[in-house]
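final21.tsv follows (TSV, C-alpha atoms):
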chain	number	residue	atom	x	y	z
A	1	MET	CA	88.19	91.49	115.82
A	2	THR	CA	88.85	90.82	112.17
A	3	HIS	CA	89.58	93.86	110.07
A	4	PRO	CA	86.62	94.45	107.73
A	5	ALA	CA	88.90	94.24	104.72
A	6	LEU	CA	89.98	90.76	105.74
A	7	GLU	CA	86.47	89.41	105.66
A	8	ARG	CA	86.32	90.14	101.97
A	9	HIS	CA	89.84	89.59	100.76
A	10	VAL	CA	91.79	87.07	102.79
A	11	VAL	CA	93.23	84.40	100.54
A	12	PRO	CA	91.93	80.99	101.62
A	13	GLY	CA	94.30	78.50	103.16
A	14	GLY	CA	95.62	75.33	101.58
A	15	PRO	CA	98.06	72.45	101.82
A	16	LEU	CA	101.37	74.18	101.01
A	17	ALA	CA	103.86	75.97	103.25
A	18	PRO	CA	102.17	78.86	105.01
A	19	VAL	CA	103.06	82.49	104.39
A	20	GLY	CA	104.05	82.71	108.05
A	21	VAL	CA	107.27	80.81	107.43
A	22	ALA	CA	108.56	83.42	105.02
A	23	GLU	CA	110.76	86.23	106.15
A	24	LEU	CA	108.49	89.25	105.97
A	25	GLY	CA	109.35	92.90	105.82
A	26	PRO	CA	107.95	95.48	108.18
A	27	ALA	CA	104.41	96.71	107.69
A	28	VAL	CA	105.11	100.40	108.04
A	29	GLU	CA	101.98	102.33	108.93
A	30	LEU	CA	101.76	106.06	108.34
A	31	PRO	CA	99.21	108.61	109.58
A	32	THR	CA	96.64	110.02	107.19
A	33	THR	CA	98.44	113.35	107.32
A	34	SER	CA	101.49	111.94	105.54
A	35	THR	CA	102.35	113.44	102.20
A	36	LEU	CA	103.45	111.58	99.10
A	37	GLY	CA	106.95	112.92	99.60
A	38	GLU	CA	107.09	111.72	103.19
A	39	ALA	CA	105.72	108.32	102.25
A	40	ALA	CA	108.23	107.94	99.42
A	41	ALA	CA	111.05	108.87	101.77
A	42	VAL	CA	109.89	106.21	104.22
A	43	MET	CA	109.81	103.63	101.40
A	44	VAL	CA	113.41	104.47	100.62
A	45	GLU	CA	114.58	104.58	104.22
A	46	ARG	CA	112.84	101.36	105.29
A	47	ARG	CA	113.45	99.67	101.93
A	48	VAL	CA	109.85	98.66	101.46
A	49	PRO	CA	107.80	98.62	98.24
A	50	ALA	CA	104.68	99.85	100.00
A	51	VAL	CA	103.44	101.49	103.19
A	52	LEU	CA	100.10	101.30	104.94
A	53	ILE	CA	97.93	104.25	105.83
A	54	ALA	CA	95.40	103.98	108.61
A	55	ALA	CA	92.55	106.02	107.20
A	56	PRO	CA	89.33	106.55	109.18
A	57	ARG	CA	87.40	104.31	106.81
A	58	GLY	CA	89.95	101.53	107.02
A	59	LEU	CA	93.39	100.55	105.92
A	60	SER	CA	94.89	101.74	102.65
A	61	ILE	CA	98.11	100.73	100.95
A	62	LEU	CA	100.44	103.02	99.08
A	63	ALA	CA	102.63	101.10	96.65
A	64	GLU	CA	105.18	102.41	94.19
A	65	ARG	CA	102.57	102.15	91.48
A	66	ASP	CA	100.24	104.44	93.44
A	67	VAL	CA	102.99	107.02	93.75
A	68	VAL	CA	103.52	106.82	89.99
A	69	ALA	CA	99.79	107.31	89.47
A	70	GLY	CA	100.00	110.41	91.64
A	71	VAL	CA	102.85	111.82	89.56
A	72	ALA	CA	100.90	110.93	86.41
A	73	ALA	CA	98.06	113.05	87.77
A	74	ASN	CA	100.58	115.87	88.19
A	75	LEU	CA	100.43	115.72	91.97
A	76	ASP	CA	103.59	116.77	93.74
A	77	GLY	CA	105.17	115.47	96.93
A	78	ARG	CA	103.09	117.74	99.14
A	79	THR	CA	99.90	115.89	98.22
A	80	LEU	CA	98.38	113.75	100.94
A	81	ALA	CA	99.43	110.16	100.31
A	82	VAL	CA	96.02	108.82	101.21
A	83	ARG	CA	94.65	110.61	98.17
A	84	VAL	CA	96.32	108.15	95.81
A	85	ALA	CA	96.60	105.13	98.11
A	86	THR	CA	94.54	102.03	97.34
A	87	PRO	CA	91.84	101.52	99.96
A	88	ASP	CA	90.78	98.18	101.30
A	89	PRO	CA	93.90	96.31	100.12
A	90	VAL	CA	94.02	92.62	99.39
A	91	MET	CA	95.66	90.88	102.33
A	92	VAL	CA	96.96	87.41	102.91
A	93	SER	CA	96.72	85.34	106.05
A	94	GLU	CA	99.97	84.04	107.48
A	95	ASP	CA	98.32	80.62	107.39
A	96	SER	CA	97.67	80.77	103.65
A	97	PRO	CA	99.92	78.78	101.31
A	98	LEU	CA	102.81	80.72	99.86
A	99	LEU	CA	101.84	79.67	96.38
A	100	ASP	CA	98.41	81.21	96.81
A	101	ALA	CA	100.03	84.46	97.89
A	102	VAL	CA	102.32	84.42	94.87
A	103	LEU	CA	99.49	83.66	92.47
A	104	THR	CA	97.41	86.41	94.06
A	105	MET	CA	100.20	88.92	93.50
A	106	LEU	CA	100.65	87.87	89.89
A	107	ARG	CA	96.96	87.77	89.13
A	108	ARG	CA	96.38	91.21	90.62
A	109	ASP	CA	99.70	92.53	89.34
A	110	VAL	CA	100.88	93.74	92.76
A	111	ARG	CA	104.33	93.28	94.23
A	112	ALA	CA	103.48	93.12	97.93
A	113	LEU	CA	100.69	91.97	100.20
A	114	PRO	CA	100.04	92.85	103.84
A	115	VAL	CA	100.07	89.73	105.98
A	116	CYS	CA	97.68	89.31	108.90
A	117	ASN	CA	97.56	86.87	111.75
A	118	GLY	CA	94.59	84.90	112.99
A	119	HIS	CA	93.35	87.90	114.92
A	120	GLY	CA	93.27	90.13	111.88
A	121	ALA	CA	96.31	92.14	112.93
A	122	VAL	CA	98.78	93.05	110.20
A	123	VAL	CA	102.10	91.42	111.08
A	124	GLY	CA	104.20	92.25	108.06
A	125	LEU	CA	104.42	92.77	104.35
A	126	LEU	CA	105.18	89.96	101.93
A	127	SER	CA	106.95	91.02	98.78
A	128	LEU	CA	107.02	89.02	95.58
A	129	ARG	CA	110.71	88.42	96.06
A	130	GLN	CA	110.35	87.25	99.64
A	131	ALA	CA	107.61	84.89	98.56
A	132	LEU	CA	109.89	83.60	95.82
A	133	GLU	CA	112.70	83.02	98.28
A	134	ALA	CA	110.47	81.01	100.55
A	135	VAL	CA	108.85	79.04	97.74
A	136	LEU	CA	112.17	78.13	96.16
A	137	ALA	CA	113.72	77.26	99.50
A	138	GLY	CA	111.24	74.43	99.76
A	139	VAL	CA	111.63	73.14	96.21
A	140	ASP	CA	113.93	70.42	95.00
A	141	VAL	CA	115.42	72.60	92.32
A	142	PRO	CA	116.72	71.47	88.99
A	143	SER	CA	119.75	73.27	87.67
A	144	TRP	CA	117.90	76.04	85.88
A	145	LEU	CA	116.08	76.94	89.08
A	146	GLY	CA	119.46	77.24	90.72
A	147	ALA	CA	120.41	79.69	88.00
A	148	PHE	CA	117.19	81.55	88.64
A	149	ARG	CA	118.09	81.87	92.30
A	150	GLY	CA	121.42	83.26	91.26
A	151	ALA	CA	119.80	85.74	88.92
A	152	LEU	CA	117.78	87.09	91.80
A	153	ARG	CA	120.77	86.97	94.12
A	154	ILE	CA	118.88	84.70	96.44
A	155	SER	CA	120.94	83.05	99.13
A	156	VAL	CA	121.41	79.35	98.75
A	157	THR	CA	120.79	79.08	102.46
A	158	PRO	CA	117.06	78.60	102.93
A	159	VAL	CA	115.38	81.54	104.59
A	160	VAL	CA	112.35	79.52	105.54
A	161	ARG	CA	112.14	79.08	109.25
A	162	HIS	CA	110.00	76.73	111.25
A	163	VAL	CA	107.09	78.42	112.99
A	164	GLU	CA	105.21	76.68	115.70
A	165	PRO	CA	101.52	76.63	114.85
A	166	GLY	CA	99.09	78.33	117.14
A	167	PRO	CA	97.35	81.63	117.79
A	168	GLY	CA	99.50	84.63	117.08
A	169	ALA	CA	102.34	82.57	115.66
A	170	GLY	CA	104.33	85.06	113.69
A	171	ASN	CA	107.76	86.33	112.93
A	172	PRO	CA	108.81	88.49	115.87
A	173	ASP	CA	112.43	88.66	114.87
A	174	ARG	CA	112.10	89.64	111.25
A	175	SER	CA	114.94	91.73	110.10
A	176	GLU	CA	114.74	94.49	107.56
A	177	ARG	CA	116.20	93.86	104.17
A	178	SER	CA	116.18	95.17	100.68
A	179	TRP	CA	113.08	94.33	98.65
A	180	SER	CA	114.16	95.84	95.42
B	181	MET	CA	112.55	79.39	74.81
B	182	GLN	CA	113.71	82.67	73.32
B	183	ALA	CA	113.97	85.59	75.71
B	184	ILE	CA	111.47	87.69	73.75
B	185	ASP	CA	108.84	84.98	74.17
B	186	ALA	CA	108.88	85.48	77.95
B	187	VAL	CA	108.22	89.22	77.77
B	188	ARG	CA	104.70	89.84	78.99
B	189	LYS	CA	104.23	93.54	78.40
B	190	PRO	CA	104.66	95.72	75.33
B	191	LEU	CA	107.66	97.98	75.00
B	192	ALA	CA	106.96	101.53	76.14
B	193	VAL	CA	109.26	104.37	75.13
B	194	VAL	CA	109.62	107.91	76.42
B	195	SER	CA	111.70	110.84	75.26
B	196	ALA	CA	114.60	111.90	77.44
B	197	ALA	CA	113.13	115.40	77.31
B	198	ALA	CA	109.73	114.26	78.56
B	199	THR	CA	108.63	115.21	82.05
B	200	LEU	CA	108.29	112.81	84.92
B	201	GLN	CA	104.56	113.41	84.76
B	202	GLU	CA	104.47	112.27	81.15
B	203	ALA	CA	106.57	109.22	81.94
B	204	ALA	CA	104.40	108.32	84.92
B	205	GLU	CA	101.30	108.76	82.78
B	206	GLN	CA	102.67	106.23	80.28
B	207	MET	CA	103.52	103.76	83.03
B	208	ASP	CA	100.07	104.16	84.50
B	209	GLU	CA	98.19	103.84	81.22
B	210	LYS	CA	100.21	100.92	79.89
B	211	ALA	CA	100.58	99.21	83.27
B	212	VAL	CA	104.33	98.87	82.88
B	213	GLY	CA	107.03	99.44	85.47
B	214	ALA	CA	109.75	100.64	83.13
B	215	LEU	CA	110.17	102.82	80.07
B	216	LEU	CA	112.98	102.88	77.55
B	217	VAL	CA	114.34	106.42	77.37
B	218	VAL	CA	115.39	107.63	73.92
B	219	VAL	CA	116.75	110.82	72.41
B	220	GLU	CA	115.38	112.59	69.34
B	221	ASP	CA	116.82	110.20	66.77
B	222	GLY	CA	115.46	107.22	68.66
B	223	THR	CA	118.74	106.17	70.21
B	224	PRO	CA	118.15	104.58	73.62
B	225	VAL	CA	120.02	106.35	76.38
B	226	GLY	CA	118.61	104.81	79.53
B	227	ILE	CA	115.73	103.24	81.34
B	228	VAL	CA	113.40	104.74	83.93
B	229	THR	CA	111.39	102.64	86.37
B	230	ASP	CA	108.55	103.20	88.77
B	231	ARG	CA	111.05	102.74	91.58
B	232	ASP	CA	113.21	105.53	90.10
B	233	ILE	CA	110.25	107.89	90.23
B	234	VAL	CA	109.64	107.02	93.89
B	235	VAL	CA	113.25	106.92	95.08
B	236	ARG	CA	114.96	109.53	92.94
B	237	ALA	CA	112.11	111.96	92.37
B	238	VAL	CA	109.22	112.02	94.83
B	239	ALA	CA	111.33	111.13	97.87
B	240	HIS	CA	113.65	114.02	97.03
B	241	ALA	CA	111.00	116.60	96.22
B	242	ILE	CA	111.80	116.64	92.51
B	243	PRO	CA	108.67	118.04	90.86
B	244	PRO	CA	106.58	116.22	88.22
B	245	ASP	CA	107.71	118.65	85.55
B	246	ALA	CA	111.37	117.63	85.87
B	247	ARG	CA	112.93	115.81	82.92
B	248	VAL	CA	112.99	112.05	82.80
B	249	ASP	CA	116.69	111.91	82.14
B	250	ALA	CA	117.28	113.47	85.55
B	251	VAL	CA	116.22	110.27	87.28
B	252	MET	CA	116.78	107.52	84.70
B	253	SER	CA	119.42	104.82	84.93
B	254	ARG	CA	122.02	105.37	82.23
B	255	GLU	CA	123.53	101.91	82.23
B	256	LEU	CA	121.79	100.08	79.42
B	257	VAL	CA	122.64	96.41	79.41
B	258	THR	CA	120.96	94.60	76.52
B	259	MET	CA	120.65	91.07	75.18
B	260	GLU	CA	119.62	89.64	71.83
B	261	ALA	CA	115.88	89.06	71.75
B	262	THR	CA	116.34	85.65	70.20
B	263	ALA	CA	118.85	84.47	72.80
B	264	ASP	CA	117.91	81.58	75.03
B	265	LEU	CA	115.93	82.75	78.04
B	266	ARG	CA	118.40	81.09	80.36
B	267	SER	CA	121.12	83.44	79.14
B	268	ALA	CA	119.29	86.21	80.92
B	269	PHE	CA	119.94	84.66	84.31
B	270	GLY	CA	123.64	85.38	84.21
B	271	ILE	CA	123.12	88.93	82.95
B	272	PHE	CA	120.65	89.74	85.71
B	273	ARG	CA	123.13	88.38	88.23
B	274	GLU	CA	126.25	89.97	86.81
B	275	HIS	CA	124.80	93.44	86.46
B	276	ALA	CA	122.44	93.41	89.44
B	277	ILE	CA	119.54	94.61	87.32
B	278	ARG	CA	115.89	93.62	87.27
B	279	ARG	CA	115.03	94.72	83.74
B	280	LEU	CA	116.85	93.75	80.57
B	281	PRO	CA	116.14	95.44	77.22
B	282	LEU	CA	116.15	92.98	74.31
B	283	SER	CA	117.52	93.96	70.93
B	284	ASP	CA	116.81	92.73	67.44
B	285	ASP	CA	119.15	93.91	64.70
B	286	GLY	CA	120.17	96.85	66.85
B	287	ASP	CA	116.68	97.94	67.83
B	288	ILE	CA	115.22	97.48	71.29
B	289	VAL	CA	112.09	95.37	70.90
B	290	GLY	CA	111.13	94.58	74.47
B	291	ILE	CA	112.16	94.63	78.10
B	292	LEU	CA	112.55	91.35	79.94
B	293	THR	CA	111.95	91.61	83.67
B	294	VAL	CA	112.77	89.32	86.53
B	295	ASP	CA	109.04	89.09	87.07
B	296	ASP	CA	108.68	87.63	83.57
B	297	LEU	CA	111.01	84.82	84.57
B	298	PHE	CA	109.10	84.47	87.80
B	299	VAL	CA	105.78	84.05	86.04
B	300	ASP	CA	107.14	81.17	84.02
B	301	LEU	CA	108.61	79.64	87.12
B	302	VAL	CA	105.41	79.91	89.10
B	303	ALA	CA	103.44	78.52	86.20
B	304	ASP	CA	105.73	75.51	86.34
B	305	LEU	CA	105.33	75.21	90.09
B	306	ALA	CA	101.60	75.55	89.78
B	307	ASP	CA	101.72	72.75	87.23
B	308	LEU	CA	103.61	70.55	89.59
B	309	VAL	CA	101.75	71.36	92.76
B	310	ARG	CA	98.28	72.29	91.81
B	311	PRO	CA	97.38	71.91	88.14
B	312	VAL	CA	93.87	73.25	88.54
B	313	THR	CA	95.06	76.47	90.13
B	314	GLY	CA	97.68	76.83	87.44
B	315	GLN	CA	95.13	76.49	84.71
B	316	VAL	CA	92.85	79.02	86.31
B	317	ILE	CA	95.58	81.59	86.78
B	318	PHE	CA	97.60	80.95	83.66
B	319	GLY	CA	94.88	79.53	81.47
B	320	HIS	CA	96.17	81.15	78.30
B	321	ARG	CA	99.65	79.83	78.98
B	322	GLU	CA	98.55	76.36	79.86
B	323	VAL	CA	96.72	75.38	76.69
B	324	ASN	CA	99.71	73.81	75.02
B	325	ARG	CA	101.47	72.76	78.19
B	326	PRO	CA	101.15	69.08	79.06
B	327	LEU	CA	100.12	68.34	82.59
B	328	ALA	CA	102.99	67.36	84.84
B	329	ALA	CA	103.37	63.69	85.43
B	330	ALA	CA	102.48	62.47	88.87
B	331	PRO	CA	105.55	62.15	91.10
Since I need it in another form, could you write the structure as structure tokens?
Amino acid sequence: MTHPALERHVVPGGPLAPVGVAELGPAVELPTTSTLGEAAAVMVERRVPAVLIAAPRGLSILAERDVVAGVAANLDGRTLAVRVATPDPVMVSEDSPLLDAVLTMLRRDVRALPVCNGHGAVVGLLSLRQALEAVLAGVDVPSWLGAFRGALRISVTPVVRHVEPGPGAGNPDRSERSWS
Amino acid sequence: MQAIDAVRKPLAVVSAAATLQEAAEQMDEKAVGALLVVVEDGTPVGIVTDRDIVVRAVAHAIPPDARVDAVMSRELVTMEATADLRSAFGIFREHAIRRLPLSDDGDIVGILTVDDLFVDLVADLADLVRPVTGQVIFGHREVNRPLAAAP
């Protein structure tokens, strides 16, 4: 069953390399009882820019910006994270083109998108940097793009991996890495 | 292209004596991810980012009324605002930073972020791969940009 949020927000597919070939980070899901402090600690420990919260009305996402908004509202770390999380987050299908995912992040000014498979299950989190790695790995780069890779400390070795198409095709062996 | 021309967001400044709540409020209102931290006479002493507030404050139970300078980064690497944008690449790499304050005659006039470089890059890629999408997303940036020649 497709998550209700997906029916409204999934980025449509296209001709470019699919999101599923990128190396994704873990989609860490927290209970609704989690506090802002606990959620922030998880972000640090798992090195993710956002966590998901499974609220009764649907999925929410808590990004660094949401935590900042909580602090701006003078909420301390004991506040329930779901109180400042963004409900009904924009998601991206693993079959969508990477460039669409990147443009979506830039247009909406977010740094990470949950990625779902064909069954609507969230299979990971795509950060702006991971999307950049995958996009650049497939580009015949001129010299200044090479410098750009260096500026971001992106490995010259492509991180894009081949994924066999088909239902549930995903990234079962994704490793955790820094997203900062 | 000069580095300052790639900066997408206005410079936001906060006092070192301000609270985290005040800093976060500025970030939230101005939709920026970093603030230049200055002392009373306006001298910049550091930079505080949204990530700093998450990692160094909230995750460690530091309350919103703590001072900004308790969590800011004190290393302040800067570059001339009029320098070529490509000069920033090496500085980002050498210092492992994601935000670079730009100076003009000694004053900080903007903060260049890796995302700023990224936006230009993606605009170029969008030009090459899908001009229509690029124009929709970056319409204001595309007006004077010639369409990429067909490969």
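Shortest atom-to-atom contact with Asp95 (chain A) among A:Gly77, A:Arg83, A:Glu64, A:Gly120: A:Gly120, counting all atoms listed in the file.
CA of Asp88 (chain A) lies 11.0 Å from CA of Leu62 (chain A).
Residues in contact with Ser267 (chain B) at up to 12 Å, not including ones fewer than 3 positions away on its chain and judged by all atoms listed in the file, are Trp144, Ala147, Phe148 and Ala151 of chain A; Met181, Gln182, Ala183, Ile184, Thr258, Met259, Glu260, Ala261, Thr262, Ala263, Asp264, Gly270, Ile271, Phe272, Arg273, Glu274, Leu280, Leu282, Leu292 and Leu297 of chain B.
Point (101.8, 106.7, 91.2) has the following residues at most 9 Å away: Leu62, Ala63, Glu64, Arg65, Asp66, Val67, Val68, Ala69, Gly70, Val71, Ala72, Ala73, Val84 and Ala85 of chain A; Ala204, Glu205, Met207, Asp208, Asp230, Ile233 and Val234 of chain B (atoms considered: only C-alpha atoms).
The interatomic distance for the pair CA of Met252 (chain B) and CA of Arg111 (chain A) works out to 21.2 Å.
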Within 6 Å of Leu215 (chain B), counting all atoms listed in the file, which residues show up once you throw out same-chain ones fewer than 3 positions away? Write them as JSON, numbers by chain, please.
{"B": [192, 193, 227, 228]}
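Between CA of Val194 (chain B) and CA of Thr223 (chain B) there is a distance of 11.2 Å.
Candidate residues B:Val218, B:Val187, B:Val299, B:Leu256 were compared for distance to chain A, and the nearest is B:Val299, using all atoms listed in the file.
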Determine, using all atoms listed in the file, which residues of chain B have any atom at most 10 Å from an atom of chain A, and tabulate each with its shortest atom pair and distance in Å to one decimal place, rows ordered by chain and then rising number, as a tab-separated table.
residue	atom	partner	partner_atom	distance
B:Thr199	CA	A:Ala72	CA	9.9
B:Leu200	CA	A:Val71	CA	7.2
B:Gln201	CA	A:Ala72	CA	4.7
B:Glu202	CA	A:Ala72	CA	6.5
B:Ala203	CA	A:Ala72	CA	7.4
B:Ala204	CA	A:Ala72	CA	4.6
B:Glu205	CA	A:Ala72	CA	4.2
B:Gln206	CA	A:Ala72	CA	7.9
B:Met207	CA	A:Val68	CA	7.6
B:Asp208	CA	A:Ala69	CA	5.9
B:Glu209	CA	A:Ala69	CA	9.1
B:Ala211	CA	A:Arg65	CA	8.9
B:Val212	CA	A:Arg65	CA	9.4
B:Gly213	CA	A:Arg65	CA	8.0
B:Thr229	CA	A:Val68	CA	9.6
B:Asp230	CA	A:Val68	CA	6.3
B:Arg231	CA	A:Glu64	CA	6.4
B:Asp232	CA	A:Glu64	CA	9.5
B:Ile233	CA	A:Val68	CA	6.8
B:Val234	CA	A:Ala40	CA	5.8
B:Val235	CA	A:Val44	CA	6.1
B:Arg236	CA	A:Val44	CA	9.3
B:Ala237	CA	A:Gly37	CA	8.9
B:Val238	CA	A:Gly37	CA	5.4
B:Ala239	CA	A:Ala41	CA	4.5
B:His240	CA	A:Gly37	CA	7.3
B:Ala241	CA	A:Gly77	CA	6.0
B:Ile242	CA	A:Gly77	CA	8.1
B:Pro243	CA	A:Asp76	CA	6.0
B:Pro244	CA	A:Val71	CA	5.9
B:Asp245	CA	A:Asn74	CA	8.1
B:Arg266	CA	A:Trp144	CA	7.5
B:Ser267	CA	A:Ala147	CA	9.6
B:Ala268	CA	A:Ala151	CA	8.0
B:Phe269	CA	A:Ala151	CA	4.7
B:Gly270	CA	A:Ala151	CA	6.1
B:Ile271	CA	A:Ala151	CA	7.5
B:Phe272	CA	A:Ala151	CA	5.2
B:Arg273	CA	A:Ala151	CA	4.3
B:Glu274	CA	A:Ala151	CA	8.0
B:His275	CA	A:Ala151	CA	9.5
B:Ala276	CA	A:Ala151	CA	8.1
B:Ile277	CA	A:Leu152	CA	8.9
B:Arg278	CA	A:Leu152	CA	8.2
B:Val294	CA	A:Leu152	CA	7.6
B:Asp295	CA	A:Leu128	CA	8.7
B:Leu297	CA	A:Phe148	CA	8.1
B:Phe298	CA	A:Leu132	CA	8.1
B:Val299	CA	A:Leu106	CA	7.5
B:Leu301	CA	A:Leu145	CA	8.2
B:Val302	CA	A:Leu103	CA	7.8
B:Ala303	CA	A:Leu103	CA	9.0
B:Leu305	CA	A:Leu99	CA	8.5
B:Ala306	CA	A:Leu99	CA	7.8
B:Val309	CA	A:Leu16	CA	8.7
B:Arg310	CA	A:Leu99	CA	9.4
B:Thr313	CA	A:Leu103	CA	8.8
B:Gly314	CA	A:Leu103	CA	8.7
B:Ile317	CA	A:Arg107	CA	6.8
B:Phe318	CA	A:Arg107	CA	8.8
Export region 27-43 of chain A, N, CA, C and O atoms, as a CSV table (one decimal), in the first residue's frame; it's the structure right above.
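Final output, part_17.csv:
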chain,number,residue,atom,x,y,z
A,27,ALA,N,17.4,5.7,6.9
A,27,ALA,CA,16.2,6.4,7.3
A,27,ALA,C,15.9,6.0,8.7
A,27,ALA,O,15.3,5.0,9.0
A,28,VAL,N,16.4,6.8,9.6
A,28,VAL,CA,16.2,6.5,11.0
A,28,VAL,C,14.8,6.9,11.5
A,28,VAL,O,14.5,8.1,11.3
A,29,GLU,N,14.0,6.0,12.0
A,29,GLU,CA,12.7,6.3,12.4
A,29,GLU,C,12.6,6.3,13.9
A,29,GLU,O,13.0,5.4,14.6
A,30,LEU,N,12.0,7.4,14.5
A,30,LEU,CA,11.9,7.5,16.0
A,30,LEU,C,10.5,7.4,16.4
A,30,LEU,O,9.6,7.8,15.6
A,31,PRO,N,10.2,7.0,17.6
A,31,PRO,CA,8.8,7.0,18.1
A,31,PRO,C,8.3,8.4,18.4
A,31,PRO,O,9.1,9.3,18.5
A,32,THR,N,7.0,8.6,18.5
A,32,THR,CA,6.5,9.9,18.7
A,32,THR,C,6.8,10.4,20.1
A,32,THR,O,6.6,11.6,20.3
A,33,THR,N,7.3,9.6,20.9
A,33,THR,CA,7.6,10.0,22.3
A,33,THR,C,9.0,10.6,22.4
A,33,THR,O,9.4,11.0,23.5
A,34,SER,N,9.7,10.6,21.3
A,34,SER,CA,11.1,11.1,21.3
A,34,SER,C,11.1,12.6,21.5
A,34,SER,O,10.3,13.3,21.0
A,35,THR,N,12.1,13.0,22.3
A,35,THR,CA,12.2,14.5,22.6
A,35,THR,C,13.2,15.1,21.5
A,35,THR,O,13.9,14.4,20.8
A,36,LEU,N,13.2,16.4,21.5
A,36,LEU,CA,14.1,17.1,20.6
A,36,LEU,C,15.6,16.7,20.9
A,36,LEU,O,16.4,16.5,20.0
A,37,GLY,N,15.9,16.6,22.2
A,37,GLY,CA,17.2,16.3,22.6
A,37,GLY,C,17.6,14.9,22.2
A,37,GLY,O,18.7,14.7,21.7
A,38,GLU,N,16.7,14.0,22.3
A,38,GLU,CA,17.0,12.6,21.9
A,38,GLU,C,17.2,12.5,20.4
A,38,GLU,O,18.0,11.8,19.9
A,39,ALA,N,16.3,13.2,19.7
A,39,ALA,CA,16.4,13.2,18.2
A,39,ALA,C,17.7,13.8,17.7
A,39,ALA,O,18.4,13.3,16.8
A,40,ALA,N,18.1,14.9,18.4
A,40,ALA,CA,19.4,15.6,18.0
A,40,ALA,C,20.5,14.7,18.3
A,40,ALA,O,21.5,14.6,17.5
A,41,ALA,N,20.5,13.9,19.4
A,41,ALA,CA,21.5,13.0,19.7
A,41,ALA,C,21.6,11.9,18.7
A,41,ALA,O,22.7,11.5,18.3
A,42,VAL,N,20.5,11.4,18.2
A,42,VAL,CA,20.5,10.4,17.2
A,42,VAL,C,21.1,10.9,15.9
A,42,VAL,O,21.8,10.3,15.2
A,43,MET,N,20.7,12.2,15.5
A,43,MET,CA,21.3,12.8,14.3
A,43,MET,C,22.8,12.8,14.4
A,43,MET,O,23.5,12.6,13.4
